[in-house]
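Written out below as structure tokens is the structure these notes cover.
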Amino acid sequence: MKKLLLITILLFTTISFGQQNYNNSAAINKNQSIETIFSLSAYPNPLTIKTRINFISSKNQNIEFTVKNLLGKTVYFEKIDASSGNNSIIFNRNNLTPGMYIYSLQTETEIISKRLVIK
């Protein structure tokens, strides 16, 4: 009977502690995650020579456009002045070898990443 009581107390305190942490983290995330980039895509993908990165920005802002290989090494970096509305970036393959890469757009509040394949 003592074991059952102990298990019940431990379970109750664990559940109430977990709910308290969940509620606090939800309040923090609401204030921190402000999405400003939407509809990120690359066409054509896979690419052979160049591709166009399209996205919608909810405001005028500075964006860092990065392409990384699968080891995480940055192989391309460019700062972009995005305007409110539709935007596009032309990315030329240059001397990158065929394979999979990750391209990212980073603002003050978010980072959005997607895959890019070079044939």
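If you're wondering about the labels, chains in the structure tokens are A, B, ... by order shown, residues count from 1 in each chain, ligands from 1 in order shown.
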If we count only C-alpha atoms and set the cut-off at 9 Å, which residues sit around Ser113 of chain A, ignoring sequence neighbours fewer than 6 positions away in its own chain? Please answer as a ChimeraX atom specification. /A:40,102-106
Contact residues around Asn86 of chain A with only C-alpha atoms at 7 Å, ignoring same-chain residues under 4 positions, as a list in words: Phe55, Ile56 and Ser57 of chain A
Can I get the selected residues back with C-alpha atoms, as a CSV table (one decimal), in the first residue's frame?
chain,number,residue,atom,x,y,z
A,55,PHE,CA,9.9,33.6,-51.1
A,56,ILE,CA,7.5,36.1,-49.6
A,57,SER,CA,8.6,38.5,-47.0
Can you list, as a PyMOL selection string, every protein, DNA or RNA residue that comes within 12 Å of Thr74 of chain A when you count only C-alpha atoms, leaving out same-chain residues fewer than 2 positions away? chain A and resi 65-72+76-78+96+101-104
Could you save the residues just selected, with N, CA and C atoms, as a short mmCIF file (atom, residue, chain, number, x, y, z; two decimals), in the first residue's frame?
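The result, written out as again.cif:
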data_model
loop_
_atom_site.label_atom_id
_atom_site.label_comp_id
_atom_site.auth_asym_id
_atom_site.auth_seq_id
_atom_site.Cartn_x
_atom_site.Cartn_y
_atom_site.Cartn_z
N PHE A 65 21.33 34.76 -47.01
CA PHE A 65 21.10 33.57 -47.83
C PHE A 65 22.37 32.74 -47.79
N THR A 66 22.23 31.48 -47.34
CA THR A 66 23.38 30.60 -47.16
C THR A 66 23.12 29.26 -47.83
N VAL A 67 24.16 28.72 -48.47
CA VAL A 67 24.11 27.36 -49.01
C VAL A 67 25.22 26.58 -48.32
N LYS A 68 24.85 25.42 -47.74
CA LYS A 68 25.83 24.58 -47.04
C LYS A 68 25.83 23.18 -47.63
N ASN A 69 27.00 22.54 -47.59
CA ASN A 69 27.05 21.13 -47.99
C ASN A 69 26.54 20.27 -46.84
N LEU A 70 26.47 18.97 -47.04
CA LEU A 70 25.90 18.10 -46.02
C LEU A 70 26.79 17.94 -44.79
N LEU A 71 28.02 18.41 -44.87
CA LEU A 71 28.90 18.40 -43.70
C LEU A 71 28.73 19.67 -42.88
N GLY A 72 27.92 20.61 -43.37
CA GLY A 72 27.67 21.85 -42.66
C GLY A 72 28.59 22.99 -43.03
N TYR A 76 28.35 28.99 -49.93
CA TYR A 76 27.89 30.23 -50.56
C TYR A 76 27.19 31.07 -49.49
N PHE A 77 27.44 32.40 -49.53
CA PHE A 77 26.80 33.31 -48.58
C PHE A 77 26.54 34.64 -49.28
N GLU A 78 25.34 35.19 -49.04
CA GLU A 78 24.99 36.48 -49.62
C GLU A 78 23.99 37.19 -48.71
N LEU A 96 30.36 24.25 -57.79
CA LEU A 96 29.90 23.25 -56.81
C LEU A 96 29.71 21.90 -57.48
N TYR A 101 22.57 19.81 -51.13
CA TYR A 101 22.97 20.95 -50.32
C TYR A 101 21.76 21.44 -49.53
N ILE A 102 22.01 22.26 -48.54
CA ILE A 102 20.94 22.88 -47.75
C ILE A 102 21.03 24.38 -47.94
N TYR A 103 19.93 24.99 -48.39
CA TYR A 103 19.93 26.45 -48.49
C TYR A 103 19.04 27.01 -47.39
N SER A 104 19.44 28.18 -46.87
CA SER A 104 18.75 28.78 -45.73
C SER A 104 18.56 30.27 -45.93
#
Using only C-alpha atoms, the best pick from A:Asn87, A:Ala42, A:Thr97, A:Ile34 as closest to Arg115 of chain A would be A:Ala42
Rank A:Leu116, A:Met100, A:Leu47, A:Ile37 by their smallest atom-to-atom distance to Ser83 of chain A, using only C-alpha atoms, and report the top residue only.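 Nearest candidate to Ser83 of chain A out of A:Leu116, A:Met100, A:Leu47, A:Ile37: A:Ile37.
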Name the residues in contact with Ile63 of chain A at a cut-off of 7 Å, using only C-alpha atoms, excluding same-chain residues fewer than 3 positions from it; report them as a list in words. Lys79, Ile80, Asp81, Ala82, Leu105, Gln106 and Thr107 of chain A
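Between Phe38 of chain A and the candidates A:Val75, A:Ile112, A:Ile90, A:Ile118, the tightest atom-to-atom separation, counting only C-alpha atoms, involves A:Ile112.
Between atom CA of Thr51 of chain A and atom CA of Ser88 of chain A the separation is 10.0 Å.
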